[in-house]
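*Asks:* Before I ask anything, here is the structure I am working with.
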Amino acid sequence: MFLSYFAISAYLAAALLLMRFFSKNELAHPHQKTTSLLISFAIIAQTLTFTNFWTVQGVVFGLANSASFVAWLVAILLFLSSISKPVHALGILVYPLVAFSLILGILFPDTNDKVIPLSIASHVFLSITAYALLALAVCQSILLKIQERHLHAHTINTFINKLPPLQTMERLLFQNLRIGFYMLTLSLATGFIFIDDFFAQQLMHKTILSLIAWVIFATLVIGRRVFGWRGKQAISAIQIGFGLLVVAYYGTKFVLERLLS
């Protein structure tokens with residue numbers, strides 16, 4: 001429990017330092033090293049909380065644990081990306097959400113009967129990786145939408161002024177989208193291989209929603225490559241596709257684990 005509280009505090013402190021930098025007229029980030037250390041410690045502390053996930057029967061991967069794991073992976077991807085790419089501003093959105101996932105895990109922990117067998121663990125972890133990459137793309141799309149709105153309204157504040165150019169933001173957005181789409185494709189393929197009876201396991205609606213989201217992402221990836229799609233429609237489509245995935249995965253888990261159990 002202490003590790004979770006420590007990780008929550010570190011994530012929130014890092015987000016506050018980022019907010020302070022992007023709201024001040026400072027060219028250099030005076031607390032960049034401190035922020036990086038806080039995120040590193042938070043990620044390590046959260047990693048250590050995952051030791052409770054493993055049992056002889058498999059992995060305890062209910063709603064709370066899976067949400068924490070996705071959030072942790074998003075934090076790692078953002079932290080690593082920020083080393084070479086101008087994506088630091090995403091931490092203002094991402095790190096509080098990671099802290100929130102940990103708070104949910106403390107308030108509503110999973111029970112040991114929410115175990116997935118190791119035989120389908122590879123499918124689950126592929127799905128989790130896809131969700132994390134696509135979640136990062138959605139956070140990028142939110143910042144991009146805010147940036148576009150301010151630029152079109154000619155209301156340039158300190159925060160908007162410190163964001164990368166629109167073209168760079170769009171390129172980073174579609175990079176994450178493309179990789180997340182590939183991972184989602186692999187996770188769906190392994191799902192059809194490893195899971196025998198979709199009807200018996202009440203997975204049909206989850207599969208249908210995931211396939212609809214896959215079609216949306218496939219259309220965006222192809223449209224970007226062939227036609228150079230961009231702008232508000234692409235941003236909205238990314239958010240709708242990810243919303244379908246959230247409903248498919250976490251909506252299903254919430255209904256089966258919390259409402260019907």
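Residue numbering restarts at 1 in every chain; chains get A, B, ... in the order shown in the structure tokens, and ligands count up from 1 in that same order.
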Give me the residues near region 2-18 of chain A as a PyMOL selection string, where near means some atom within 10 Å (using only C-alpha atoms) and where sequence neighbours in that chain fewer than 5 positions away do not count.

*Replies:* chain A and resi 23+29-32+34-49+75+88-103+105-106

*Asks:* Excluding Arg258 (chain A) and residues on its chain fewer than 5 positions from it, collect all residues at most 12 Å away from it, counting only C-alpha atoms, and give them as a ChimeraX atom specification.

*Replies:* /A:62-64,108-111,114,250-253

*Asks:* Please produce a file of the residues just selected, as an mmCIF file, in the first residue's frame, where the atoms kept are all heavy atoms.

*Replies:*
data_model
loop_
_atom_site.group_PDB
_atom_site.id
_atom_site.type_symbol
_atom_site.label_atom_id
_atom_site.label_comp_id
_atom_site.auth_asym_id
_atom_site.auth_seq_id
_atom_site.Cartn_x
_atom_site.Cartn_y
_atom_site.Cartn_z
ATOM 1 N N GLY A 62 -8.066 -8.252 -12.869
ATOM 2 C CA GLY A 62 -9.417 -7.721 -12.927
ATOM 3 C C GLY A 62 -9.408 -6.276 -13.379
ATOM 4 O O GLY A 62 -8.420 -5.764 -13.923
ATOM 5 N N LEU A 63 -10.497 -5.588 -13.131
ATOM 6 C CA LEU A 63 -10.670 -4.212 -13.593
ATOM 7 C C LEU A 63 -9.605 -3.281 -13.029
ATOM 8 O O LEU A 63 -8.981 -2.509 -13.759
ATOM 9 C CB LEU A 63 -12.069 -3.729 -13.195
ATOM 10 C CG LEU A 63 -12.467 -2.320 -13.635
ATOM 11 C CD1 LEU A 63 -12.528 -2.224 -15.141
ATOM 12 C CD2 LEU A 63 -13.800 -1.924 -13.015
ATOM 13 N N ALA A 64 -9.376 -3.332 -11.712
ATOM 14 C CA ALA A 64 -8.437 -2.411 -11.070
ATOM 15 C C ALA A 64 -7.000 -2.671 -11.503
ATOM 16 O O ALA A 64 -6.263 -1.744 -11.851
ATOM 17 C CB ALA A 64 -8.553 -2.528 -9.549
ATOM 18 N N PHE A 108 -11.020 0.244 -4.746
ATOM 19 C CA PHE A 108 -11.816 -0.884 -5.255
ATOM 20 C C PHE A 108 -10.880 -1.983 -5.765
ATOM 21 O O PHE A 108 -10.772 -2.208 -6.978
ATOM 22 C CB PHE A 108 -12.749 -0.424 -6.377
ATOM 23 C CG PHE A 108 -13.596 0.766 -6.015
ATOM 24 C CD1 PHE A 108 -13.284 2.036 -6.476
ATOM 25 C CD2 PHE A 108 -14.706 0.610 -5.201
ATOM 26 C CE1 PHE A 108 -14.061 3.132 -6.148
ATOM 27 C CE2 PHE A 108 -15.496 1.694 -4.860
ATOM 28 C CZ PHE A 108 -15.168 2.962 -5.327
ATOM 29 N N PRO A 109 -10.172 -2.664 -4.867
ATOM 30 C CA PRO A 109 -9.188 -3.669 -5.298
ATOM 31 C C PRO A 109 -9.848 -4.892 -5.920
ATOM 32 O O PRO A 109 -11.005 -5.199 -5.642
ATOM 33 C CB PRO A 109 -8.476 -4.033 -3.986
ATOM 34 C CG PRO A 109 -9.486 -3.751 -2.923
ATOM 35 C CD PRO A 109 -10.271 -2.559 -3.401
ATOM 36 N N ASP A 110 -9.074 -5.575 -6.766
ATOM 37 C CA ASP A 110 -9.545 -6.831 -7.344
ATOM 38 C C ASP A 110 -9.461 -7.941 -6.314
ATOM 39 O O ASP A 110 -8.635 -7.902 -5.393
ATOM 40 C CB ASP A 110 -8.682 -7.219 -8.559
ATOM 41 C CG ASP A 110 -8.922 -6.292 -9.740
ATOM 42 O OD1 ASP A 110 -10.042 -5.779 -9.862
ATOM 43 O OD2 ASP A 110 -7.988 -6.102 -10.541
ATOM 44 N N THR A 111 -10.304 -8.921 -6.462
ATOM 45 C CA THR A 111 -10.237 -10.114 -5.617
ATOM 46 C C THR A 111 -9.465 -11.198 -6.357
ATOM 47 O O THR A 111 -9.301 -11.148 -7.582
ATOM 48 C CB THR A 111 -11.645 -10.624 -5.282
ATOM 49 O OG1 THR A 111 -12.356 -10.857 -6.512
ATOM 50 C CG2 THR A 111 -12.401 -9.603 -4.456
ATOM 51 N N LYS A 114 -10.344 -13.097 -9.836
ATOM 52 C CA LYS A 114 -10.260 -12.493 -11.161
ATOM 53 C C LYS A 114 -8.924 -12.866 -11.816
ATOM 54 O O LYS A 114 -8.060 -12.032 -12.060
ATOM 55 C CB LYS A 114 -10.387 -10.966 -11.077
ATOM 56 C CG LYS A 114 -11.534 -10.475 -10.211
ATOM 57 C CD LYS A 114 -12.880 -10.991 -10.685
ATOM 58 C CE LYS A 114 -14.021 -10.470 -9.817
ATOM 59 N NZ LYS A 114 -15.316 -11.082 -10.130
ATOM 60 N N TYR A 250 -13.070 -2.287 -20.756
ATOM 61 C CA TYR A 250 -13.350 -1.938 -19.361
ATOM 62 C C TYR A 250 -14.845 -1.948 -19.064
ATOM 63 O O TYR A 250 -15.253 -2.250 -17.934
ATOM 64 C CB TYR A 250 -12.736 -0.582 -19.023
ATOM 65 C CG TYR A 250 -11.240 -0.664 -18.916
ATOM 66 C CD1 TYR A 250 -10.426 -0.140 -19.907
ATOM 67 C CD2 TYR A 250 -10.633 -1.298 -17.834
ATOM 68 C CE1 TYR A 250 -9.046 -0.239 -19.825
ATOM 69 C CE2 TYR A 250 -9.268 -1.406 -17.741
ATOM 70 C CZ TYR A 250 -8.473 -0.870 -18.745
ATOM 71 O OH TYR A 250 -7.126 -0.983 -18.660
ATOM 72 N N GLY A 251 -15.662 -1.618 -20.069
ATOM 73 C CA GLY A 251 -17.100 -1.728 -19.861
ATOM 74 C C GLY A 251 -17.514 -3.161 -19.593
ATOM 75 O O GLY A 251 -18.304 -3.445 -18.681
ATOM 76 N N THR A 252 -16.954 -4.089 -20.383
ATOM 77 C CA THR A 252 -17.225 -5.514 -20.179
ATOM 78 C C THR A 252 -16.752 -5.971 -18.812
ATOM 79 O O THR A 252 -17.476 -6.672 -18.082
ATOM 80 C CB THR A 252 -16.546 -6.351 -21.280
ATOM 81 O OG1 THR A 252 -17.042 -5.941 -22.554
ATOM 82 C CG2 THR A 252 -16.824 -7.833 -21.077
ATOM 83 N N LYS A 253 -15.534 -5.575 -18.435
ATOM 84 C CA LYS A 253 -14.996 -5.970 -17.131
ATOM 85 C C LYS A 253 -15.845 -5.406 -15.987
ATOM 86 O O LYS A 253 -16.108 -6.090 -15.001
ATOM 87 C CB LYS A 253 -13.542 -5.487 -16.999
ATOM 88 C CG LYS A 253 -12.518 -6.441 -17.589
ATOM 89 C CD LYS A 253 -11.119 -6.009 -17.242
ATOM 90 C CE LYS A 253 -10.110 -7.103 -17.540
ATOM 91 N NZ LYS A 253 -10.292 -8.298 -16.717
#

*Asks:* Contacts of Gln147 (chain A) at 8 Å or less, counting only C-alpha atoms, minus same-chain residues fewer than 5 places along, as a PyMOL selection string?

*Replies:* chain A and resi 160+163+166

*Asks:* Please produce a file of those selected residues containing N, CA and C atoms, as a compact mmCIF listing (two decimals), in the first residue's frame.

*Replies:*
# COMPACT_ATOMS: atom_id res chain seq x y z
N ILE A 160 0.29 27.28 -24.95
CA ILE A 160 0.22 27.00 -26.38
C ILE A 160 1.53 27.35 -27.06
N LEU A 163 4.13 24.54 -26.88
CA LEU A 163 3.89 23.27 -27.57
C LEU A 163 4.63 23.24 -28.89
N LEU A 166 2.16 22.54 -35.04
CA LEU A 166 1.05 21.64 -35.35
C LEU A 166 1.48 20.43 -36.16

*Asks:* Please list as a PyMOL selection string every residue within 6 Å of region 167-184 of chain A, counting only C-alpha atoms and excluding residues in the same chain fewer than 6 positions away.

*Replies:* chain A and resi 130+133-134+137+140

*Asks:* Write out as number ranges by chain the residues lying within 10 Å of region 148-156 of chain A, counting only C-alpha atoms and excluding same-chain residues fewer than 5 positions away.

*Replies:* A: 142-143, 161-162, 166, 231-232

*Asks:* Would you save the residues of that selection, restricted to C-alpha atoms, as a PDB file, in the first residue's frame?

*Replies:*
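Produced file result_36.pdb, reproduced below:
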ATOM      1  CA  ILE A 142      -6.634  16.273 -26.952  1.00  0.00           C
ATOM      2  CA  LEU A 143      -3.611  18.571 -26.804  1.00  0.00           C
ATOM      3  CA  ASN A 161       3.401  28.860 -27.235  1.00  0.00           C
ATOM      4  CA  LYS A 162       5.531  26.113 -25.650  1.00  0.00           C
ATOM      5  CA  LEU A 166       1.048  21.641 -35.348  1.00  0.00           C
ATOM      6  CA  GLY A 231      -7.392  17.842 -38.865  1.00  0.00           C
ATOM      7  CA  LYS A 232     -10.477  17.753 -36.686  1.00  0.00           C
TER       8      LYS A 232
END

*Asks:* Counting only C-alpha atoms, what is within 10 Å of Ser122 (chain A), bar same-chain residues fewer than 3 positions away, as a list in words?

*Replies:*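 Everything that qualifies: Leu118, Ser119, Phe125, Leu126, Ser127, Ile128, Ser187, Thr190, Gly191 and Phe194 of chain A.
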
*Asks:* Next, the residues of the selection above should be written as a short mmCIF file (atom, residue, chain, number, x, y, z; two decimals), in the first residue's frame with all heavy atoms.

*Replies:*
data_model
loop_
_atom_site.label_atom_id
_atom_site.label_comp_id
_atom_site.auth_asym_id
_atom_site.auth_seq_id
_atom_site.Cartn_x
_atom_site.Cartn_y
_atom_site.Cartn_z
N LEU A 118 -2.32 -18.40 -17.61
CA LEU A 118 -1.11 -18.01 -18.33
C LEU A 118 -1.20 -18.33 -19.82
O LEU A 118 -0.49 -17.73 -20.63
CB LEU A 118 0.11 -18.71 -17.72
CG LEU A 118 0.45 -18.29 -16.28
CD1 LEU A 118 1.61 -19.12 -15.75
CD2 LEU A 118 0.79 -16.80 -16.21
N SER A 119 -2.08 -19.25 -20.20
CA SER A 119 -2.20 -19.65 -21.61
C SER A 119 -2.67 -18.50 -22.50
O SER A 119 -2.35 -18.46 -23.68
CB SER A 119 -3.16 -20.83 -21.75
OG SER A 119 -4.44 -20.49 -21.23
N PHE A 125 -1.65 -9.23 -22.72
CA PHE A 125 -0.59 -8.22 -22.67
C PHE A 125 -0.42 -7.50 -24.01
O PHE A 125 -0.07 -6.31 -24.04
CB PHE A 125 0.73 -8.85 -22.22
CG PHE A 125 0.73 -9.23 -20.76
CD1 PHE A 125 1.08 -10.50 -20.36
CD2 PHE A 125 0.34 -8.33 -19.79
CE1 PHE A 125 1.06 -10.87 -19.02
CE2 PHE A 125 0.31 -8.67 -18.45
CZ PHE A 125 0.68 -9.94 -18.06
N LEU A 126 -0.67 -8.18 -25.12
CA LEU A 126 -0.69 -7.50 -26.42
C LEU A 126 -1.82 -6.47 -26.46
O LEU A 126 -1.63 -5.34 -26.94
CB LEU A 126 -0.88 -8.52 -27.55
CG LEU A 126 0.37 -9.23 -28.07
CD1 LEU A 126 -0.03 -10.31 -29.08
CD2 LEU A 126 1.32 -8.24 -28.73
N SER A 127 -2.97 -6.85 -25.94
CA SER A 127 -4.11 -5.93 -25.89
C SER A 127 -3.78 -4.72 -25.03
O SER A 127 -4.07 -3.58 -25.41
CB SER A 127 -5.35 -6.64 -25.33
OG SER A 127 -5.71 -7.75 -26.12
N ILE A 128 -3.16 -4.97 -23.88
CA ILE A 128 -2.81 -3.89 -22.96
C ILE A 128 -1.84 -2.93 -23.62
O ILE A 128 -1.96 -1.70 -23.51
CB ILE A 128 -2.20 -4.47 -21.67
CG1 ILE A 128 -3.25 -5.25 -20.86
CG2 ILE A 128 -1.59 -3.37 -20.82
CD1 ILE A 128 -4.42 -4.43 -20.42
N SER A 187 -3.25 -8.27 -31.23
CA SER A 187 -4.04 -8.74 -30.08
C SER A 187 -5.35 -9.37 -30.52
O SER A 187 -5.78 -10.38 -29.95
CB SER A 187 -4.31 -7.57 -29.12
OG SER A 187 -5.26 -6.68 -29.65
N THR A 190 -4.48 -12.88 -31.96
CA THR A 190 -4.20 -13.87 -30.91
C THR A 190 -5.46 -14.22 -30.13
O THR A 190 -5.61 -15.33 -29.63
CB THR A 190 -3.11 -13.36 -29.94
OG1 THR A 190 -3.52 -12.08 -29.40
CG2 THR A 190 -1.78 -13.20 -30.65
N GLY A 191 -6.39 -13.24 -30.01
CA GLY A 191 -7.65 -13.53 -29.33
C GLY A 191 -8.44 -14.61 -30.05
O GLY A 191 -8.99 -15.51 -29.41
N PHE A 194 -6.50 -18.01 -29.28
CA PHE A 194 -6.43 -18.57 -27.93
C PHE A 194 -7.79 -18.75 -27.26
O PHE A 194 -7.94 -19.60 -26.39
CB PHE A 194 -5.55 -17.70 -27.03
CG PHE A 194 -4.08 -17.76 -27.38
CD1 PHE A 194 -3.39 -16.62 -27.75
CD2 PHE A 194 -3.41 -18.97 -27.36
CE1 PHE A 194 -2.05 -16.69 -28.07
CE2 PHE A 194 -2.06 -19.04 -27.68
CZ PHE A 194 -1.38 -17.90 -28.05
#

*Asks:* Which distance in Å separates CA of Pro164 (chain A) and CA of Arg20 (chain A), to one decimal?

*Replies:*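 Atom-to-atom, CA of Pro164 (chain A) to CA of Arg20 (chain A), that is 17.6 Å.
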
*Asks:* Could you check how far CA of Ala213 (chain A) sits from CA of Gly243 (chain A), in Å to one decimal?

*Replies:* 8.4 Å

*Asks:* Quick one: pull the distance between CA of Ala71 (chain A) and CA of Thr129 (chain A), Å, one decimal.

*Replies:*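 Distance between the two atoms: 10.2 Å.
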
*Asks:* In region 24-247 of chain A, what's strand (DSSP E) per DSSP? Answer as a list of chain:residue names?

*Replies:* A:Val59, A:Val60, A:Val115, A:Ile116

*Asks:* Show which residues sit within 10 Å of Leu188 (chain A), as a compact mmCIF listing (two decimals) with N, CA and C atoms, in the first residue's frame. Count only C-alpha atoms, and ignore same-chain residues fewer than 5 positions away.

*Replies:*
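See selection-v4.txt below for the written result:
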# COMPACT_ATOMS: atom_id res chain seq x y z
N HIS A 123 -2.01 -12.85 -25.16
CA HIS A 123 -3.07 -12.08 -25.82
C HIS A 123 -3.44 -10.86 -24.98
N VAL A 124 -3.57 -11.04 -23.68
CA VAL A 124 -3.97 -9.94 -22.81
C VAL A 124 -2.91 -8.84 -22.80
N LEU A 126 -0.67 -8.18 -25.12
CA LEU A 126 -0.69 -7.50 -26.42
C LEU A 126 -1.82 -6.47 -26.46
N SER A 127 -2.97 -6.85 -25.94
CA SER A 127 -4.11 -5.93 -25.89
C SER A 127 -3.78 -4.72 -25.03
N MET A 183 -0.36 -3.17 -32.96
CA MET A 183 -0.47 -3.99 -31.76
C MET A 183 -1.91 -4.47 -31.55
N ILE A 193 -7.20 -16.89 -31.81
CA ILE A 193 -6.45 -18.15 -31.73
C ILE A 193 -6.62 -18.81 -30.37
N THR A 207 -15.87 -8.26 -28.67
CA THR A 207 -15.18 -8.50 -29.94
C THR A 207 -15.74 -7.61 -31.04
N SER A 210 -14.53 -4.06 -30.52
CA SER A 210 -13.10 -3.98 -30.83
C SER A 210 -12.85 -3.99 -32.33
N LEU A 211 -13.63 -4.79 -33.06
CA LEU A 211 -13.48 -4.85 -34.52
C LEU A 211 -13.92 -3.54 -35.18
N TRP A 214 -11.15 -1.25 -34.64
CA TRP A 214 -10.05 -1.62 -35.54
C TRP A 214 -10.29 -1.06 -36.93
